[in-house]
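Undergrad: Can you keep this structure in mind? I'll have questions shortly.
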Amino acid sequence: MIWQLDILILTIVVICAVSAIWVKDLLSSAILLGVYSFLMCILWAELGAVDVAFTEAAVGAGISTAFFIGAIYQTTRRTKD
Amino acid sequence: MIKDFDNIIIKTVCRILTPFLQIFALYVIAHGHYSPGGGFQGGCILGASFILLVIAYDIDTVKKRMSEKLNTVMCSLGVIIYAGIGLTCLILGANYLDYGILHRVLPVDAVKARAMGTLGIEIGVGITVMSVMISIFLNIASGGKHEEGAID
């Protein structure tokens, strides 16, 4: 456990989480959530919880990003009304 | 929604990558009680390999390999494996999912029977998670219309 690395990863995690809410484009938001999940996966692995890190990588970064992108394809870029 | 667009690089890479993904998923399921991983993670990777095929090709290509009927059957099959192993333990006189008692029906001793019971549970969980992930993605990607063949 390296506290400098922890602080670096946690800073990027907070930046990703805030900017995923802040950006206007839905696709960018989904990709930023994927980056957030992947950084959380690195953080879990670095803290020694390898099983949780594996789940986070498979579900958070892999499957749920694909689900978000599949749902975003159903929307339109601008509202019709 | 997902169209079959012509890009030979994406198609070839995804087609070559898919068997390796599935082998890795089977490894994760089979080694779930020795190393990180297990039924849920392995099932997610197995489902992700089919989702990769949906994204690179289209829905029809995947439905030829994994039809909706087979998907639903496998979704229930995993639950039946899980509950069946648990109920077998119950019938043999132990608690629900108490695998040690399985040495009465398996030709191994109690310690080995415990490991094999865990492996059976992982396989059941993996099958169910895989088919549910594929089903969720197909329903999201086609807007719930993929059963009627209305894919555009």
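In the structure tokens, the first chain shown is A, the next is B, and so on; residue numbers restart at 1 for each chain, and ligands run from 1 in the order shown.
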Identify, on the basis of only C-alpha atoms, every residue whose closest approach to Ala25 in chain B does not exceed 10 Å; exclude the query and any residue fewer than 4 positions from it along the same chain; express the result as a ChimeraX atom specification.
TA: /B:19-21,29-31,37-39,41-49,126
Undergrad: Output the contact residues of chain A with respect to chain B at a cut-off of 7 Å, based on only C-alpha atoms, as a ChimeraX atom specification.
TA: /A:50-51,54-55,58-59,63,67,70-71
Undergrad: Selection from above, all heavy atoms, as a PDB file, in the first residue's frame, can you write it?
TA:
ATOM      1  N   VAL A  50      -8.335  -8.285  -4.223  1.00  0.00           N
ATOM      2  CA  VAL A  50      -8.217  -8.639  -5.635  1.00  0.00           C
ATOM      3  C   VAL A  50      -9.560  -9.137  -6.189  1.00  0.00           C
ATOM      4  O   VAL A  50      -9.900  -8.888  -7.339  1.00  0.00           O
ATOM      5  CB  VAL A  50      -7.122  -9.700  -5.816  1.00  0.00           C
ATOM      6  CG1 VAL A  50      -6.849  -9.925  -7.271  1.00  0.00           C
ATOM      7  CG2 VAL A  50      -5.862  -9.258  -5.135  1.00  0.00           C
ATOM      8  N   ASP A  51     -10.335  -9.820  -5.335  1.00  0.00           N
ATOM      9  CA  ASP A  51     -11.613 -10.345  -5.814  1.00  0.00           C
ATOM     10  C   ASP A  51     -12.587  -9.218  -6.149  1.00  0.00           C
ATOM     11  O   ASP A  51     -13.282  -9.248  -7.177  1.00  0.00           O
ATOM     12  CB  ASP A  51     -12.193 -11.264  -4.741  1.00  0.00           C
ATOM     13  CG  ASP A  51     -12.957 -12.420  -5.328  1.00  0.00           C
ATOM     14  OD1 ASP A  51     -13.228 -12.377  -6.536  1.00  0.00           O
ATOM     15  OD2 ASP A  51     -13.264 -13.365  -4.588  1.00  0.00           O
ATOM     16  N   PHE A  54     -11.526  -7.629  -9.349  1.00  0.00           N
ATOM     17  CA  PHE A  54     -11.927  -8.428 -10.509  1.00  0.00           C
ATOM     18  C   PHE A  54     -13.392  -8.165 -10.865  1.00  0.00           C
ATOM     19  O   PHE A  54     -13.752  -7.935 -12.033  1.00  0.00           O
ATOM     20  CB  PHE A  54     -11.722  -9.901 -10.165  1.00  0.00           C
ATOM     21  CG  PHE A  54     -11.508 -10.783 -11.343  1.00  0.00           C
ATOM     22  CD1 PHE A  54     -10.751 -11.928 -11.224  1.00  0.00           C
ATOM     23  CD2 PHE A  54     -12.061 -10.480 -12.573  1.00  0.00           C
ATOM     24  CE1 PHE A  54     -10.545 -12.746 -12.294  1.00  0.00           C
ATOM     25  CE2 PHE A  54     -11.861 -11.298 -13.647  1.00  0.00           C
ATOM     26  CZ  PHE A  54     -11.108 -12.430 -13.503  1.00  0.00           C
ATOM     27  N   THR A  55     -14.255  -8.157  -9.832  1.00  0.00           N
ATOM     28  CA  THR A  55     -15.674  -7.893 -10.081  1.00  0.00           C
ATOM     29  C   THR A  55     -15.870  -6.500 -10.654  1.00  0.00           C
ATOM     30  O   THR A  55     -16.669  -6.295 -11.573  1.00  0.00           O
ATOM     31  CB  THR A  55     -16.458  -8.049  -8.779  1.00  0.00           C
ATOM     32  OG1 THR A  55     -16.087  -9.266  -8.170  1.00  0.00           O
ATOM     33  CG2 THR A  55     -17.936  -8.048  -9.037  1.00  0.00           C
ATOM     34  N   ALA A  58     -14.839  -6.531 -14.313  1.00  0.00           N
ATOM     35  CA  ALA A  58     -15.724  -7.275 -15.209  1.00  0.00           C
ATOM     36  C   ALA A  58     -17.078  -6.589 -15.338  1.00  0.00           C
ATOM     37  O   ALA A  58     -17.609  -6.435 -16.435  1.00  0.00           O
ATOM     38  CB  ALA A  58     -15.906  -8.706 -14.704  1.00  0.00           C
ATOM     39  N   VAL A  59     -17.653  -6.162 -14.204  1.00  0.00           N
ATOM     40  CA  VAL A  59     -19.006  -5.621 -14.221  1.00  0.00           C
ATOM     41  C   VAL A  59     -18.992  -4.116 -14.457  1.00  0.00           C
ATOM     42  O   VAL A  59     -19.666  -3.600 -15.346  1.00  0.00           O
ATOM     43  CB  VAL A  59     -19.729  -5.961 -12.904  1.00  0.00           C
ATOM     44  CG1 VAL A  59     -21.121  -5.415 -12.930  1.00  0.00           C
ATOM     45  CG2 VAL A  59     -19.748  -7.438 -12.693  1.00  0.00           C
ATOM     46  N   ILE A  63     -19.223  -4.649 -18.490  1.00  0.00           N
ATOM     47  CA  ILE A  63     -20.611  -4.882 -18.872  1.00  0.00           C
ATOM     48  C   ILE A  63     -21.431  -3.606 -18.777  1.00  0.00           C
ATOM     49  O   ILE A  63     -22.187  -3.265 -19.695  1.00  0.00           O
ATOM     50  CB  ILE A  63     -21.210  -5.976 -17.967  1.00  0.00           C
ATOM     51  CG1 ILE A  63     -20.461  -7.284 -18.171  1.00  0.00           C
ATOM     52  CG2 ILE A  63     -22.663  -6.137 -18.253  1.00  0.00           C
ATOM     53  CD1 ILE A  63     -21.003  -8.144 -19.227  1.00  0.00           C
ATOM     54  N   PHE A  67     -23.803  -1.654 -21.476  1.00  0.00           N
ATOM     55  CA  PHE A  67     -25.237  -1.416 -21.279  1.00  0.00           C
ATOM     56  C   PHE A  67     -25.571   0.059 -21.465  1.00  0.00           C
ATOM     57  O   PHE A  67     -26.564   0.409 -22.109  1.00  0.00           O
ATOM     58  CB  PHE A  67     -25.660  -1.854 -19.876  1.00  0.00           C
ATOM     59  CG  PHE A  67     -25.787  -3.330 -19.713  1.00  0.00           C
ATOM     60  CD1 PHE A  67     -26.040  -3.871 -18.482  1.00  0.00           C
ATOM     61  CD2 PHE A  67     -25.664  -4.178 -20.792  1.00  0.00           C
ATOM     62  CE1 PHE A  67     -26.150  -5.238 -18.311  1.00  0.00           C
ATOM     63  CE2 PHE A  67     -25.769  -5.543 -20.639  1.00  0.00           C
ATOM     64  CZ  PHE A  67     -26.015  -6.063 -19.387  1.00  0.00           C
ATOM     65  N   GLY A  70     -25.422   0.900 -25.106  1.00  0.00           N
ATOM     66  CA  GLY A  70     -26.602   0.365 -25.771  1.00  0.00           C
ATOM     67  C   GLY A  70     -27.839   1.183 -25.507  1.00  0.00           C
ATOM     68  O   GLY A  70     -28.681   1.361 -26.386  1.00  0.00           O
ATOM     69  N   ALA A  71     -27.976   1.707 -24.281  1.00  0.00           N
ATOM     70  CA  ALA A  71     -29.140   2.531 -23.967  1.00  0.00           C
ATOM     71  C   ALA A  71     -29.040   3.898 -24.629  1.00  0.00           C
ATOM     72  O   ALA A  71     -30.051   4.464 -25.056  1.00  0.00           O
ATOM     73  CB  ALA A  71     -29.281   2.684 -22.450  1.00  0.00           C
TER      74      ALA A  71
END
Undergrad: Tell me which protein, DNA and RNA residues are within 12 Å of Ile31 in chain A, counting only C-alpha atoms, leaving out same-chain ones fewer than 3 positions away, and put them as number ranges by chain.
TA: A: 16-17, 19-21, 23, 25-28, 34-38, 60-62, 64-69, 72
Undergrad: Can those selected residues be exported to a file as an mmCIF file, in the first residue's frame so that it contains C-alpha atoms?
TA:
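Produced file out_21.cif, reproduced below:
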data_model
loop_
_atom_site.group_PDB
_atom_site.id
_atom_site.type_symbol
_atom_site.label_atom_id
_atom_site.label_comp_id
_atom_site.auth_asym_id
_atom_site.auth_seq_id
_atom_site.Cartn_x
_atom_site.Cartn_y
_atom_site.Cartn_z
ATOM 1 C CA CYS A 16 -13.810 11.525 -13.293
ATOM 2 C CA ALA A 17 -16.889 11.298 -11.077
ATOM 3 C CA SER A 19 -16.894 15.428 -14.846
ATOM 4 C CA ALA A 20 -19.196 12.468 -15.632
ATOM 5 C CA ILE A 21 -22.023 14.511 -14.113
ATOM 6 C CA VAL A 23 -20.357 16.985 -19.253
ATOM 7 C CA ASP A 25 -22.724 14.613 -23.949
ATOM 8 C CA LEU A 26 -24.223 11.318 -22.760
ATOM 9 C CA LEU A 27 -21.626 9.160 -24.553
ATOM 10 C CA SER A 28 -18.750 11.044 -22.908
ATOM 11 C CA GLY A 34 -16.019 3.459 -17.387
ATOM 12 C CA VAL A 35 -12.775 5.252 -16.582
ATOM 13 C CA TYR A 36 -14.041 5.798 -13.025
ATOM 14 C CA SER A 37 -14.791 2.085 -12.649
ATOM 15 C CA PHE A 38 -11.399 1.107 -13.989
ATOM 16 C CA GLY A 60 -18.258 -1.938 -13.722
ATOM 17 C CA ALA A 61 -15.825 -1.269 -16.528
ATOM 18 C CA GLY A 62 -16.951 -3.985 -18.956
ATOM 19 C CA SER A 64 -22.230 -1.732 -17.491
ATOM 20 C CA THR A 65 -20.397 0.533 -19.960
ATOM 21 C CA ALA A 66 -21.740 -1.657 -22.789
ATOM 22 C CA PHE A 67 -25.237 -1.416 -21.279
ATOM 23 C CA PHE A 68 -24.992 2.375 -21.029
ATOM 24 C CA ILE A 69 -23.813 2.685 -24.625
ATOM 25 C CA ILE A 72 -27.641 5.775 -25.315
#
Undergrad: Record the distance separating CA of Ala30 in chain A and CA of Asp6 in chain A, expressed in Å with one decimal.
TA: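 Distance between the two atoms: 23.9 Å.
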Undergrad: Please compute the CA of Leu102 in chain B-CA of Glu122 in chain B distance, one decimal, in Å.
TA: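 So the two atoms, CA of Leu102 in chain B and CA of Glu122 in chain B, lie 16.0 Å apart.
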Undergrad: CA of Thr18 in chain B and CA of Thr72 in chain B, how far apart in Å?
TA: 21.9 Å
Undergrad: Could you pull out the helix (DSSP H, G or I) residues of chain A from DSSP and send them as a PyMOL selection string?
TA: chain A and resi 3-22+26-47+50-72
Undergrad: With C-alpha atoms kept, could you save the residues just selected as a PDB file, in the first residue's frame?
TA:
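Result went into part13.pdb, see below:
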ATOM      1  CA  TRP A   3      -0.170   6.330   0.052  1.00  0.00           C
ATOM      2  CA  GLN A   4       1.157   8.603  -2.715  1.00  0.00           C
ATOM      3  CA  LEU A   5      -0.344   6.283  -5.336  1.00  0.00           C
ATOM      4  CA  ASP A   6      -3.599   6.137  -3.344  1.00  0.00           C
ATOM      5  CA  ILE A   7      -3.913   9.909  -3.282  1.00  0.00           C
ATOM      6  CA  LEU A   8      -3.122  10.172  -7.008  1.00  0.00           C
ATOM      7  CA  ILE A   9      -5.726   7.544  -7.963  1.00  0.00           C
ATOM      8  CA  LEU A  10      -8.352   9.008  -5.605  1.00  0.00           C
ATOM      9  CA  THR A  11      -7.824  12.477  -7.101  1.00  0.00           C
ATOM     10  CA  ILE A  12      -8.381  11.177 -10.622  1.00  0.00           C
ATOM     11  CA  VAL A  13     -11.418   9.182  -9.401  1.00  0.00           C
ATOM     12  CA  VAL A  14     -13.013  12.345  -7.980  1.00  0.00           C
ATOM     13  CA  ILE A  15     -12.221  14.283 -11.167  1.00  0.00           C
ATOM     14  CA  CYS A  16     -13.810  11.525 -13.293  1.00  0.00           C
ATOM     15  CA  ALA A  17     -16.889  11.298 -11.077  1.00  0.00           C
ATOM     16  CA  VAL A  18     -17.497  15.063 -11.114  1.00  0.00           C
ATOM     17  CA  SER A  19     -16.894  15.428 -14.846  1.00  0.00           C
ATOM     18  CA  ALA A  20     -19.196  12.468 -15.632  1.00  0.00           C
ATOM     19  CA  ILE A  21     -22.023  14.511 -14.113  1.00  0.00           C
ATOM     20  CA  TRP A  22     -20.783  17.804 -15.532  1.00  0.00           C
ATOM     21  CA  LEU A  26     -24.223  11.318 -22.760  1.00  0.00           C
ATOM     22  CA  LEU A  27     -21.626   9.160 -24.553  1.00  0.00           C
ATOM     23  CA  SER A  28     -18.750  11.044 -22.908  1.00  0.00           C
ATOM     24  CA  SER A  29     -20.505  10.597 -19.589  1.00  0.00           C
ATOM     25  CA  ALA A  30     -20.700   6.826 -20.092  1.00  0.00           C
ATOM     26  CA  ILE A  31     -17.037   6.605 -21.062  1.00  0.00           C
ATOM     27  CA  LEU A  32     -16.042   8.709 -18.043  1.00  0.00           C
ATOM     28  CA  LEU A  33     -17.997   6.306 -15.814  1.00  0.00           C
ATOM     29  CA  GLY A  34     -16.019   3.459 -17.387  1.00  0.00           C
ATOM     30  CA  VAL A  35     -12.775   5.252 -16.582  1.00  0.00           C
ATOM     31  CA  TYR A  36     -14.041   5.798 -13.025  1.00  0.00           C
ATOM     32  CA  SER A  37     -14.791   2.085 -12.649  1.00  0.00           C
ATOM     33  CA  PHE A  38     -11.399   1.107 -13.989  1.00  0.00           C
ATOM     34  CA  LEU A  39      -9.579   3.455 -11.609  1.00  0.00           C
ATOM     35  CA  MET A  40     -11.625   2.066  -8.730  1.00  0.00           C
ATOM     36  CA  CYS A  41     -10.541  -1.403  -9.891  1.00  0.00           C
ATOM     37  CA  ILE A  42      -6.873  -0.334  -9.708  1.00  0.00           C
ATOM     38  CA  LEU A  43      -7.525   1.112  -6.270  1.00  0.00           C
ATOM     39  CA  TRP A  44      -9.115  -2.103  -4.966  1.00  0.00           C
ATOM     40  CA  ALA A  45      -6.261  -4.189  -6.364  1.00  0.00           C
ATOM     41  CA  GLU A  46      -3.744  -1.822  -4.777  1.00  0.00           C
ATOM     42  CA  LEU A  47      -5.516  -2.123  -1.407  1.00  0.00           C
ATOM     43  CA  VAL A  50      -8.217  -8.639  -5.635  1.00  0.00           C
ATOM     44  CA  ASP A  51     -11.613 -10.345  -5.814  1.00  0.00           C
ATOM     45  CA  VAL A  52     -13.475  -7.057  -5.538  1.00  0.00           C
ATOM     46  CA  ALA A  53     -11.138  -5.569  -8.141  1.00  0.00           C
ATOM     47  CA  PHE A  54     -11.927  -8.428 -10.509  1.00  0.00           C
ATOM     48  CA  THR A  55     -15.674  -7.893 -10.081  1.00  0.00           C
ATOM     49  CA  GLU A  56     -15.275  -4.148 -10.586  1.00  0.00           C
ATOM     50  CA  ALA A  57     -13.306  -4.688 -13.804  1.00  0.00           C
ATOM     51  CA  ALA A  58     -15.724  -7.275 -15.209  1.00  0.00           C
ATOM     52  CA  VAL A  59     -19.006  -5.621 -14.221  1.00  0.00           C
ATOM     53  CA  GLY A  60     -18.258  -1.938 -13.722  1.00  0.00           C
ATOM     54  CA  ALA A  61     -15.825  -1.269 -16.528  1.00  0.00           C
ATOM     55  CA  GLY A  62     -16.951  -3.985 -18.956  1.00  0.00           C
ATOM     56  CA  ILE A  63     -20.611  -4.882 -18.872  1.00  0.00           C
ATOM     57  CA  SER A  64     -22.230  -1.732 -17.491  1.00  0.00           C
ATOM     58  CA  THR A  65     -20.397   0.533 -19.960  1.00  0.00           C
ATOM     59  CA  ALA A  66     -21.740  -1.657 -22.789  1.00  0.00           C
ATOM     60  CA  PHE A  67     -25.237  -1.416 -21.279  1.00  0.00           C
ATOM     61  CA  PHE A  68     -24.992   2.375 -21.029  1.00  0.00           C
ATOM     62  CA  ILE A  69     -23.813   2.685 -24.625  1.00  0.00           C
ATOM     63  CA  GLY A  70     -26.602   0.365 -25.771  1.00  0.00           C
ATOM     64  CA  ALA A  71     -29.140   2.531 -23.967  1.00  0.00           C
ATOM     65  CA  ILE A  72     -27.641   5.775 -25.315  1.00  0.00           C
TER      66      ILE A  72
END
Undergrad: Determine, counting only C-alpha atoms, which protein, DNA and RNA residues have an atom within 12 Å of an atom of Arg104 in chain B; residues of the same chain fewer than 4 positions away are not included. Present the result as a list in words.
TA: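 These residues fall inside the cut-off: Thr88, Cys89, Ile91, Leu92, Gly93, Ala94, Tyr99, Gly100, Val108, Asp109, Ala110, Lys112, Ala113 and Arg114 of chain B.
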